[in-house]
file query.tsv (TSV, C-alpha atoms)
chain	number	residue	atom	x	y	z
E	2	MET	CA	42.20	-10.37	39.37
E	3	LYS	CA	39.60	-7.69	39.99
E	4	ARG	CA	41.86	-5.23	38.22
E	5	TYR	CA	41.79	-7.39	35.07
E	6	VAL	CA	38.01	-7.53	35.19
E	7	LYS	CA	37.92	-3.76	35.49
E	8	TYR	CA	40.26	-3.32	32.52
E	9	ALA	CA	38.18	-5.77	30.50
E	10	LEU	CA	35.03	-3.78	31.22
E	11	ILE	CA	36.72	-0.52	30.29
E	12	VAL	CA	37.80	-2.08	26.98
E	13	LEU	CA	34.20	-3.28	26.50
E	14	LEU	CA	32.91	0.24	27.15
E	15	ILE	CA	35.33	1.82	24.69
E	16	GLY	CA	34.65	-0.94	22.17
E	17	THR	CA	30.91	-0.38	22.40
E	18	PHE	CA	31.40	3.33	21.89
E	19	VAL	CA	33.59	2.76	18.81
E	20	ILE	CA	31.07	0.27	17.37
E	21	THR	CA	28.29	2.75	18.04
E	22	VAL	CA	30.10	5.50	16.18
E	23	ALA	CA	31.20	3.23	13.34
E	24	PHE	CA	28.03	1.28	12.67
E	25	VAL	CA	25.13	3.48	13.59
E	26	PRO	CA	24.62	4.94	10.13
E	27	THR	CA	25.03	8.67	9.73
E	28	ALA	CA	22.65	10.64	7.61
E	29	TYR	CA	24.38	12.40	4.76
E	30	SER	CA	23.65	13.38	1.16
E	31	LEU	CA	20.05	12.51	1.49
E	32	SER	CA	18.71	13.58	-1.82
E	33	ASP	CA	17.44	10.92	-4.17
E	34	ALA	CA	18.96	13.12	-6.89
E	35	TYR	CA	22.27	11.31	-6.38
E	36	LYS	CA	20.75	7.78	-6.20
E	37	ASN	CA	23.56	5.52	-5.00
E	38	ASN	CA	26.38	7.52	-6.55
E	39	ILE	CA	27.77	9.09	-3.40
E	40	TYR	CA	30.99	7.61	-2.09
E	41	ASN	CA	30.96	7.54	1.68
E	42	PRO	CA	34.45	7.84	3.15
E	43	GLY	CA	33.12	7.38	6.69
E	44	ILE	CA	33.79	9.70	9.59
E	45	LEU	CA	36.88	11.82	8.91
E	46	LYS	CA	39.17	13.85	11.13
E	47	PRO	CA	37.13	17.04	11.67
E	48	THR	CA	39.87	19.41	10.46
E	49	ASP	CA	43.31	18.63	9.08
E	50	SER	CA	45.09	21.84	8.13
E	51	VAL	CA	46.45	25.08	9.55
E	52	LEU	CA	44.86	28.35	8.48
E	53	LYS	CA	47.17	30.80	6.71
E	54	VAL	CA	44.75	33.73	6.69
E	55	LYS	CA	43.11	35.76	9.44
E	56	VAL	CA	39.94	37.73	10.02
E	57	GLY	CA	40.71	41.42	9.53
E	58	LYS	CA	43.47	40.76	6.98
E	59	PRO	CA	43.23	40.99	3.17
E	60	ALA	CA	42.06	37.85	1.41
E	61	PRO	CA	44.72	36.42	-0.95
E	62	ASP	CA	43.73	36.91	-4.57
E	63	PHE	CA	43.33	33.98	-6.95
E	64	THR	CA	42.11	33.19	-10.43
E	65	LEU	CA	40.43	29.85	-11.11
E	66	LYS	CA	38.58	28.34	-14.02
E	67	ALA	CA	34.83	27.84	-13.55
E	68	VAL	CA	32.77	24.92	-14.82
E	69	SER	CA	31.21	27.39	-17.26
E	70	GLY	CA	34.65	27.90	-18.82
E	71	ASP	CA	35.14	31.45	-17.53
E	72	ALA	CA	38.10	32.46	-15.40
E	73	VAL	CA	37.03	34.00	-12.11
E	74	SER	CA	39.31	36.19	-9.96
E	75	LEU	CA	38.61	37.38	-6.45
E	76	LYS	CA	39.81	40.87	-7.29
E	77	GLN	CA	37.05	41.35	-9.89
E	78	TYR	CA	34.62	41.83	-6.98
E	79	LEU	CA	36.75	44.45	-5.19
E	80	GLY	CA	34.66	47.52	-4.43
E	81	LYS	CA	31.60	45.89	-6.01
E	82	LYS	CA	30.41	42.85	-4.05
E	83	ASN	CA	30.90	41.03	-0.79
E	84	VAL	CA	32.17	37.53	-1.48
E	85	VAL	CA	31.41	34.23	0.22
E	86	ILE	CA	33.88	31.47	-0.64
E	87	SER	CA	32.63	27.97	0.05
E	88	PHE	CA	35.33	25.31	-0.08
E	89	VAL	CA	33.89	21.81	0.00
E	90	PRO	CA	36.16	18.75	0.31
E	91	ALA	CA	35.36	16.76	-2.83
E	92	ALA	CA	32.74	16.01	-5.45
E	93	TRP	CA	30.51	12.95	-5.05
E	94	THR	CA	31.01	12.78	-1.29
E	95	PRO	CA	28.53	13.14	1.57
E	96	VAL	CA	27.57	16.53	2.97
E	97	CYS	CA	29.26	18.36	0.05
E	98	SER	CA	26.63	17.04	-2.30
E	99	ASP	CA	23.82	18.83	-0.54
E	100	GLN	CA	25.53	21.95	0.81
E	101	TRP	CA	25.48	23.87	-2.46
E	102	PRO	CA	21.92	22.89	-3.48
E	103	GLY	CA	20.86	24.55	-0.23
E	104	TYR	CA	22.69	27.75	-1.14
E	105	ASN	CA	21.12	27.50	-4.56
E	106	ILE	CA	17.64	28.35	-3.21
E	107	VAL	CA	18.76	31.37	-1.17
E	108	LYS	CA	20.16	33.63	-3.89
E	109	ASP	CA	17.78	36.31	-2.63
E	110	MET	CA	19.52	36.25	0.75
E	111	PHE	CA	22.92	36.70	-0.88
E	112	ASP	CA	21.47	39.50	-3.03
E	113	GLN	CA	20.04	41.17	0.06
E	114	TYR	CA	23.55	41.46	1.49
E	115	ASP	CA	25.11	42.37	-1.85
E	116	ALA	CA	27.13	39.17	-1.82
E	117	VAL	CA	28.22	36.65	-4.41
E	118	LEU	CA	29.06	33.04	-3.72
E	119	LEU	CA	32.08	31.23	-5.13
E	120	GLY	CA	32.08	27.44	-4.74
E	121	ILE	CA	35.51	25.81	-4.86
E	122	THR	CA	36.72	22.22	-4.76
E	123	VAL	CA	40.03	20.59	-5.71
E	124	ASP	CA	38.30	18.43	-8.35
E	125	ASN	CA	38.85	18.81	-12.07
E	126	ILE	CA	36.31	20.48	-14.36
E	127	PRO	CA	34.80	17.30	-15.93
E	128	THR	CA	34.12	15.86	-12.47
E	129	LEU	CA	32.61	19.13	-11.26
E	130	PHE	CA	30.51	19.33	-14.42
E	131	SER	CA	28.91	15.90	-13.88
E	132	TRP	CA	28.49	16.39	-10.15
E	133	THR	CA	26.93	19.85	-10.22
E	134	ASN	CA	24.59	18.78	-13.03
E	135	GLN	CA	22.78	16.66	-10.42
E	136	MET	CA	22.13	19.79	-8.36
E	137	GLY	CA	20.03	21.59	-10.93
E	138	LYS	CA	21.07	24.93	-12.40
E	139	LEU	CA	23.35	26.71	-9.95
E	140	TRP	CA	23.30	30.52	-9.84
E	141	PHE	CA	26.88	30.82	-8.59
E	142	PRO	CA	30.19	29.90	-10.22
E	143	VAL	CA	31.81	26.61	-9.29
E	144	LEU	CA	35.59	26.84	-9.51
E	145	SER	CA	38.18	24.13	-9.95
E	146	ASP	CA	41.30	24.26	-7.76
E	147	PHE	CA	42.59	21.08	-9.36
E	148	TRP	CA	45.86	22.17	-10.94
E	149	PRO	CA	48.35	23.05	-9.55
E	150	HIS	CA	46.54	20.84	-7.11
E	151	GLY	CA	44.82	22.76	-4.33
E	152	ARG	CA	46.94	25.88	-4.81
E	153	VAL	CA	44.23	28.25	-3.59
E	154	ALA	CA	43.19	25.94	-0.75
E	155	LYS	CA	46.84	25.79	0.30
E	156	LYS	CA	47.16	29.58	0.09
E	157	TYR	CA	44.24	29.94	2.50
E	158	GLY	CA	45.45	27.07	4.70
E	159	VAL	CA	42.54	24.72	4.11
E	160	LEU	CA	44.24	21.95	2.11
E	161	ARG	CA	44.06	18.70	4.03
E	162	SER	CA	46.87	16.17	4.12
E	163	ASP	CA	44.97	13.80	1.79
E	164	GLY	CA	44.70	16.43	-0.97
E	165	THR	CA	41.06	17.36	-0.36
E	166	SER	CA	40.08	20.69	1.14
E	167	GLU	CA	38.35	21.52	4.37
E	168	ARG	CA	34.67	22.36	4.47
E	169	ALA	CA	35.33	26.05	4.94
E	170	LEU	CA	33.49	29.33	4.55
E	171	PHE	CA	35.17	32.71	4.12
E	172	VAL	CA	33.25	35.97	4.07
E	173	ILE	CA	35.19	38.78	2.36
E	174	ASP	CA	33.91	42.33	2.28
E	175	LYS	CA	33.98	44.76	-0.64
E	176	LYS	CA	37.39	46.04	0.48
E	177	GLY	CA	38.80	42.55	0.14
E	178	ILE	CA	39.12	42.07	3.91
E	179	ILE	CA	38.28	38.72	5.47
E	180	ARG	CA	35.40	39.24	7.90
E	181	TYR	CA	34.53	35.65	8.86
E	182	ILE	CA	36.16	32.22	8.69
E	183	ASP	CA	34.46	28.93	9.49
E	184	VAL	CA	36.66	25.89	9.01
E	185	HIS	CA	33.86	23.52	9.82
E	186	ASP	CA	33.94	19.92	10.96
E	187	ILE	CA	34.28	18.16	7.57
E	188	ASN	CA	31.61	15.65	8.60
E	189	LYS	CA	28.92	18.26	9.21
E	190	ARG	CA	27.13	20.90	7.18
E	191	PRO	CA	27.45	24.47	8.47
E	192	PRO	CA	23.99	25.74	9.49
E	193	LEU	CA	22.70	28.32	7.04
E	194	GLU	CA	21.81	30.76	9.81
E	195	ASP	CA	25.46	31.08	10.90
E	196	LEU	CA	26.46	32.31	7.45
E	197	ILE	CA	23.48	34.63	7.08
E	198	ARG	CA	24.21	36.13	10.51
E	199	GLU	CA	27.73	37.02	9.31
E	200	LEU	CA	26.39	38.54	6.09
E	201	GLU	CA	24.01	40.67	8.15
E	202	LYS	CA	27.04	42.15	9.95
E	203	LEU	CA	28.38	43.49	6.65
E	204	LYS	CA	25.47	45.92	6.28
G	19	MET	CA	33.28	-1.71	47.78
G	20	LYS	CA	34.07	1.41	45.78
G	21	LYS	CA	35.63	-0.74	43.06
G	22	ILE	CA	32.51	-2.88	42.78
G	23	ARG	CA	30.38	0.24	42.51
G	24	ALA	CA	32.65	1.53	39.74
G	25	LEU	CA	32.33	-1.78	37.90
G	26	TYR	CA	28.54	-1.65	38.12
G	27	PHE	CA	28.65	1.89	36.81
G	28	ILE	CA	30.77	0.89	33.79
G	29	VAL	CA	28.48	-2.03	32.98
G	30	ILE	CA	25.36	0.15	33.17
G	31	ILE	CA	26.89	2.85	30.94
G	32	THR	CA	27.97	0.18	28.42
G	33	VAL	CA	24.49	-1.32	28.27
G	34	CYS	CA	22.93	2.15	27.93
G	35	ILE	CA	25.18	3.13	25.00
G	36	PHE	CA	24.52	-0.17	23.24
G	37	THR	CA	20.75	0.03	23.75
G	38	TYR	CA	20.67	3.66	22.65
G	39	SER	CA	22.62	2.88	19.46
G	40	LEU	CA	20.25	0.05	18.61
G	41	SER	CA	17.19	2.20	19.25
G	42	LEU	CA	18.47	4.83	16.82
G	43	ALA	CA	18.95	2.50	13.90
G	44	GLY	CA	15.49	2.00	12.43
G	45	SER	CA	14.27	0.77	9.08
G	46	PRO	CA	11.86	2.49	6.66
G	47	PRO	CA	8.23	2.25	7.87
G	48	ALA	CA	6.70	-0.87	6.34
G	49	VAL	CA	3.25	-0.88	4.75
G	50	GLY	CA	0.88	-2.64	7.13
G	51	GLY	CA	2.99	-1.72	10.13
G	52	THR	CA	3.01	1.24	12.47
G	53	LEU	CA	5.15	4.34	12.68
G	54	PRO	CA	8.16	4.46	14.98
G	55	ASP	CA	7.70	6.50	18.14
G	56	ILE	CA	8.31	9.88	16.48
G	57	LYS	CA	7.92	12.95	18.66
G	58	LEU	CA	7.43	16.33	17.02
G	59	SER	CA	7.56	19.72	18.69
G	60	MET	CA	4.16	21.32	19.12
G	61	PRO	CA	3.84	24.01	16.43
G	62	LYS	CA	4.08	27.58	17.69
G	63	ASP	CA	1.90	28.81	14.88
G	64	MET	CA	-1.79	28.79	15.83
G	65	ALA	CA	-2.87	28.08	12.26
G	66	ASP	CA	-0.65	24.96	12.19
G	67	LYS	CA	-2.00	23.82	15.57
G	68	ASN	CA	-5.52	24.34	14.38
G	69	TYR	CA	-4.85	22.52	11.09
G	70	LEU	CA	-3.49	19.50	12.94
G	71	GLY	CA	-6.32	19.59	15.49
G	72	LEU	CA	-3.89	19.51	18.40
G	73	GLY	CA	-5.74	21.95	20.60
G	74	LEU	CA	-4.78	25.59	20.85
G	75	PHE	CA	-3.29	25.19	24.33
G	76	GLY	CA	-1.11	22.18	23.56
G	77	PHE	CA	2.60	22.47	24.29
G	78	GLY	CA	5.70	20.29	24.41
G	79	SER	CA	5.65	17.51	21.86
G	80	PHE	CA	3.10	15.34	20.13
G	81	LYS	CA	3.02	12.14	18.09
G	82	ILE	CA	1.79	11.84	14.52
G	83	PRO	CA	-1.18	9.57	15.42
G	84	GLU	CA	-2.49	12.39	17.61
G	85	ILE	CA	-3.19	14.48	14.51
G	86	LYS	CA	-6.91	14.82	13.94
G	87	ALA	CA	-7.37	13.22	10.53
G	88	ARG	CA	-8.32	10.02	8.77
G	89	LEU	CA	-5.07	10.03	6.82
G	90	VAL	CA	-1.78	11.84	7.43
G	91	ILE	CA	0.71	12.22	4.61
G	92	VAL	CA	4.26	12.67	5.92
G	93	GLU	CA	6.91	14.00	3.59
G	94	ILE	CA	10.49	13.41	4.68
G	95	PHE	CA	12.43	16.18	2.95
G	96	SER	CA	15.48	18.42	3.22
G	97	MET	CA	15.98	22.05	2.30
G	98	TYR	CA	19.27	20.91	0.77
G	99	CYS	CA	17.75	18.23	-1.49
G	100	PRO	CA	17.34	19.28	-5.15
G	101	TYR	CA	14.50	16.80	-5.75
G	102	CYS	CA	12.62	18.10	-2.68
G	103	GLN	CA	13.02	21.62	-4.00
G	104	ARG	CA	11.65	20.51	-7.37
G	105	GLU	CA	8.79	18.63	-5.70
G	106	ALA	CA	7.75	21.49	-3.39
G	107	PRO	CA	5.28	23.13	-5.83
G	108	ASN	CA	3.67	19.72	-6.45
G	109	VAL	CA	3.19	19.04	-2.74
G	110	ASN	CA	1.69	22.52	-2.41
G	111	GLN	CA	-0.69	21.60	-5.23
G	112	LEU	CA	-1.58	18.37	-3.41
G	113	TYR	CA	-2.37	20.37	-0.27
G	114	ALA	CA	-4.50	22.82	-2.26
G	115	LYS	CA	-6.46	20.01	-3.94
G	116	ILE	CA	-7.23	18.44	-0.57
G	117	GLU	CA	-8.26	21.75	1.00
G	118	GLN	CA	-10.47	22.64	-1.97
G	119	ASN	CA	-12.27	19.30	-1.93
G	120	PRO	CA	-15.05	19.31	0.73
G	121	SER	CA	-15.01	15.51	0.94
G	122	LEU	CA	-11.27	15.45	1.72
G	123	LYS	CA	-10.71	18.69	3.65
G	124	GLY	CA	-10.11	17.94	7.32
G	125	LYS	CA	-9.76	14.23	6.61
G	126	ILE	CA	-6.33	14.28	4.95
G	127	LYS	CA	-3.54	16.30	6.54
G	128	ILE	CA	0.01	16.82	5.31
G	129	ILE	CA	3.15	17.45	7.33
G	130	GLY	CA	6.80	17.72	6.31
G	131	ILE	CA	9.84	16.75	8.35
G	132	GLY	CA	13.10	18.45	7.33
G	133	VAL	CA	15.77	15.90	8.17
G	134	GLY	CA	19.15	17.36	9.04
G	135	ASN	CA	17.60	20.82	8.80
G	136	THR	CA	17.65	23.40	11.56
G	137	SER	CA	14.51	25.32	12.41
G	138	TYR	CA	15.91	28.26	10.43
G	139	GLU	CA	16.53	26.07	7.39
G	140	VAL	CA	13.03	24.59	7.52
G	141	GLY	CA	11.69	28.14	7.81
G	142	THR	CA	13.74	29.15	4.78
G	143	PHE	CA	12.27	26.28	2.76
G	144	LYS	CA	8.73	27.14	3.91
G	145	LYS	CA	9.16	30.78	2.92
G	146	LYS	CA	10.93	30.03	-0.36
G	147	TYR	CA	8.19	27.68	-1.60
G	148	ASN	CA	5.30	29.31	0.23
G	149	VAL	CA	4.37	26.07	1.98
G	150	SER	CA	1.01	26.26	3.76
G	151	PHE	CA	1.09	23.00	5.73
G	152	PRO	CA	3.20	22.48	8.90
G	153	LEU	CA	6.90	21.68	8.57
G	154	PHE	CA	9.06	20.34	11.39
G	155	ASP	CA	12.81	20.25	11.82
G	156	ASP	CA	14.97	17.26	12.63
G	157	ALA	CA	18.33	18.99	12.97
G	158	ASP	CA	20.09	16.09	14.69
G	159	TYR	CA	18.74	13.39	12.34
G	160	ILE	CA	16.97	11.69	15.25
G	161	ILE	CA	13.74	11.10	13.31
G	162	HIS	CA	15.72	10.34	10.16
G	163	LYS	CA	17.47	7.47	11.92
G	164	MET	CA	14.12	6.20	13.23
G	165	VAL	CA	12.74	5.98	9.70
G	166	GLY	CA	15.72	4.07	8.38
G	167	GLU	CA	17.70	7.03	7.00
G	168	VAL	CA	15.62	7.12	3.84
G	169	ARG	CA	16.72	9.30	0.94
G	170	THR	CA	14.56	12.29	0.13
G	171	PRO	CA	11.85	13.04	-0.75
G	172	TYR	CA	10.12	10.11	0.93
G	173	PHE	CA	6.36	9.89	1.40
G	174	ILE	CA	4.57	7.97	4.14
G	175	GLY	CA	0.79	7.59	4.29
G	176	VAL	CA	-0.62	6.86	7.76
G	177	LYS	CA	-4.24	5.77	8.17
G	178	MET	CA	-5.88	6.60	11.49
G	179	ASN	CA	-8.33	3.96	12.67
G	180	PRO	CA	-11.48	4.81	14.69
G	181	ASP	CA	-10.12	2.84	17.67
G	182	GLY	CA	-7.13	5.21	17.93
G	183	SER	CA	-4.66	2.83	16.33
G	184	HIS	CA	-2.87	3.65	13.08
G	185	GLN	CA	-1.42	1.85	10.11
G	186	VAL	CA	1.14	2.72	7.47
G	187	ILE	CA	-0.57	2.35	4.10
G	188	TYR	CA	2.08	3.92	1.87
G	189	SER	CA	5.85	4.17	2.21
G	190	LYS	CA	7.84	5.14	-0.86
G	191	LEU	CA	11.01	6.92	-1.93
G	192	GLY	CA	10.96	9.55	-4.65
G	193	GLU	CA	8.76	12.19	-6.13
G	194	MET	CA	5.00	11.71	-6.56
G	195	GLU	CA	3.99	10.30	-9.92
G	196	GLY	CA	1.60	13.14	-10.63
G	197	VAL	CA	-0.44	14.95	-7.99
G	198	ASP	CA	-3.84	13.59	-9.07
G	199	GLN	CA	-2.59	10.04	-9.29
G	200	PHE	CA	-0.90	10.29	-5.90
G	201	LEU	CA	-4.04	11.68	-4.29
G	202	ALA	CA	-6.17	8.97	-5.88
G	203	THR	CA	-3.77	6.31	-4.57
G	204	MET	CA	-3.92	7.82	-1.09
G	205	THR	CA	-7.72	8.02	-0.97
G	206	ARG	CA	-8.02	4.47	-2.30
G	207	LEU	CA	-5.50	2.95	0.11
G	208	SER	CA	-6.98	4.77	3.08
G	209	GLY	CA	-10.52	3.79	2.19
G	210	LEU	CA	-11.66	7.41	1.93
G	211	GLN	CA	-13.07	6.75	-1.51

call {"tool": "encode", "arguments": {"input": "query.tsv", "output": "structure tokens"}}
result
Amino acid sequence: MKRYVKYALIVLLIGTFVITVAFVPTAYSLSDAYKNNIYNPGILKPTDSVLKVKVGKPAPDFTLKAVSGDAVSLKQYLGKKNVVISFVPAAWTPVCSDQWPGYNIVKDMFDQYDAVLLGITVDNIPTLFSWTNQMGKLWFPVLSDFWPHGRVAKKYGVLRSDGTSERALFVIDKKGIIRYIDVHDINKRPPLEDLIRELEKLK
Amino acid sequence: MKKIRALYFIVIITVCIFTYSLSLAGSPPAVGGTLPDIKLSMPKDMADKNYLGLGLFGFGSFKIPEIKARLVIVEIFSMYCPYCQREAPNVNQLYAKIEQNPSLKGKIKIIGIGVGNTSYEVGTFKKKYNVSFPLFDDADYIIHKMVGEVRTPYFIGVKMNPDGSHQVIYSKLGEMEGVDQFLATMTRLSGLQ
């Protein structure tokens, strides 16, 4: 009988923990800029893909269409600029909606390390257009990896099983070599200092 | 005997988790009420310590009602929030107007709390917008949960009473509706004018 009581209490403990995680609200996409337009998918599996690239190896090239209408290729920066690629999972979702506005106020830091930023999601251009309009004027190109769906994300190994991408950062030097990869917990924003520390190493 | 001890242990842990989760989930500070039990790290910067009247040798943490002022304006912001970025020059202007007015200087103090921001990120915001008043970080959203996970920017006005108690006199989401109007509202609600 005591054993049943023990099991019941263990279930209660686990249940309380699950309720705590599920119902204590988590603080995401805080800005009033988005009003109530952010869809909250809840807590997701932190990562859900297998990387296909490595630090020290060349970054696969790609060409994607930007919200501005221009086509942007990775190889256009070869020998000219360091490149930071920021994959975010999806437009109009938590965390993603405030990650890029943060990068938007630190252009001087990117300039200091002779780096450009390329923002990529698997959303289509009209969606990215409406979403990024809420962020103010962005200084960096926002690229659509919508069709063929997530081709670039897949090439890098950051396409999740539900068709979104990971929240991932890649730092690529002027020789086109990957110097840093952070496939971050999708539910959390990568601290700015971690990225800046990696850019400092490129000097 | 060991089994009973284990059972007690499980029950205690369960109660602790439940109580902790409830304590985290706050609601936005209500006008007429008091602030939740927010603890802020003592500023390292002497000028900030001096501005807040916390004593030059203070260390550890402090609570907002300990700030030496008649009224404290708390801005809940984030480095990552476009509206907070847009509002930063206006809040700087508000600070300047208070500091330049002899009847308000020393009586109204402003602080900012960067929710979900690391110390580095708060520092980046402070440098970017040349913010002169003290900013604090809330990297783990602990304070943000205590104030009901409000969207940003969010302004809270806290009136300090002579008996040491305090009262929330303003609690509102969104940008200020003009610096002069906001300041007039604050001085009126706090009884400073």

call {"tool": "closest_residue", "arguments": {"input": "query.tsv", "among": "G:Leu191, G:Ala48, G:Val165, G:Val176", "to": "chain E", "atoms": "all atoms listed in the file"}}
result
G:Leu191

call {"tool": "residues_around", "arguments": {"input": "query.tsv", "residues": "Ala65 of chain G", "least_positions_apart": "5", "cutoff": "10 Å", "atoms": "all atoms listed in the file", "output": "list of chain:residue names"}}
result
G:Leu70, G:Gly71, G:Leu74, G:Ser150, G:Phe151, G:Pro152

call {"tool": "residues_around", "arguments": {"input": "query.tsv", "residues": "Val149 of chain G", "least_positions_apart": "6", "cutoff": "10 Å", "atoms": "all atoms listed in the file", "output": "VMD selection string"}}
result
chain G and resid 106 to 107 109 to 111 113 130 141 143

call {"tool": "atom_distance", "arguments": {"input": "query.tsv", "atom1": "atom CA of Arg152 of chain E", "atom2": "atom CA of Tyr40 of chain E"}}
result
24.4 Å

call {"tool": "closest_atom_pairs", "arguments": {"input": "query.tsv", "of": "chain E", "to": "chain G", "cutoff": "6 Å", "atoms": "all atoms listed in the file", "output": "Markdown table"}}
result
| residue | atom | partner | partner_atom | distance |
| --- | --- | --- | --- | --- |
| E:Leu14 | CA | G:Thr32 | CA | 5.1 |
| E:Thr21 | CA | G:Ser39 | CA | 5.8 |
| E:Leu31 | CA | G:Arg169 | CA | 4.7 |
| E:Ser32 | CA | G:Cys99 | CA | 4.8 |
| E:Asp33 | CA | G:Thr170 | CA | 5.4 |
| E:Ala34 | CA | G:Tyr101 | CA | 5.9 |
| E:Asp99 | CA | G:Tyr98 | CA | 5.2 |
| E:Pro102 | CA | G:Tyr98 | CA | 5.4 |
| E:Gly103 | CA | G:Tyr98 | CA | 4.1 |
| E:Met136 | CA | G:Pro100 | CA | 5.8 |

call {"tool": "residues_near_point", "arguments": {"input": "query.tsv", "point": "(1.8, 16.9, -9.7)", "cutoff": "8 Å", "atoms": "only C-alpha atoms", "output": "PyMOL selection string"}}
result
chain G and resi 108-109+111-112+194-198

call {"tool": "atom_distance", "arguments": {"input": "query.tsv", "atom1": "atom CA of Arg206 of chain G", "atom2": "atom CA of Val186 of chain G"}}
result
13.5 Å

call {"tool": "residues_near_point", "arguments": {"input": "query.tsv", "point": "(35.0, 36.0, -1.2)", "cutoff": "7 Å", "atoms": "all atoms listed in the file", "output": "PyMOL selection string"}}
result
chain E and resi 75+83-86+119+171-173

call {"tool": "residues_around", "arguments": {"input": "query.tsv", "residues": "Val51 of chain E", "least_positions_apart": "5", "cutoff": "10 Å", "atoms": "all atoms listed in the file", "output": "number ranges by chain"}}
result
E: 155, 157-161, 184

call {"tool": "write_last_selection", "arguments": {"input": "query.tsv", "atoms": "C-alpha atoms", "output": "PDB file, in the coordinates of the input"}}
result
ATOM      1  CA  LYS E 155      46.840  25.790   0.300  1.00  0.00           C
ATOM      2  CA  TYR E 157      44.240  29.940   2.500  1.00  0.00           C
ATOM      3  CA  GLY E 158      45.450  27.070   4.700  1.00  0.00           C
ATOM      4  CA  VAL E 159      42.540  24.720   4.110  1.00  0.00           C
ATOM      5  CA  LEU E 160      44.240  21.950   2.110  1.00  0.00           C
ATOM      6  CA  ARG E 161      44.060  18.700   4.030  1.00  0.00           C
ATOM      7  CA  VAL E 184      36.660  25.890   9.010  1.00  0.00           C
TER       8      VAL E 184
END

call {"tool": "atom_distance", "arguments": {"input": "query.tsv", "atom1": "atom CA of Pro46 of chain G", "atom2": "atom CA of Lys189 of chain E"}}
result
23.4 Å
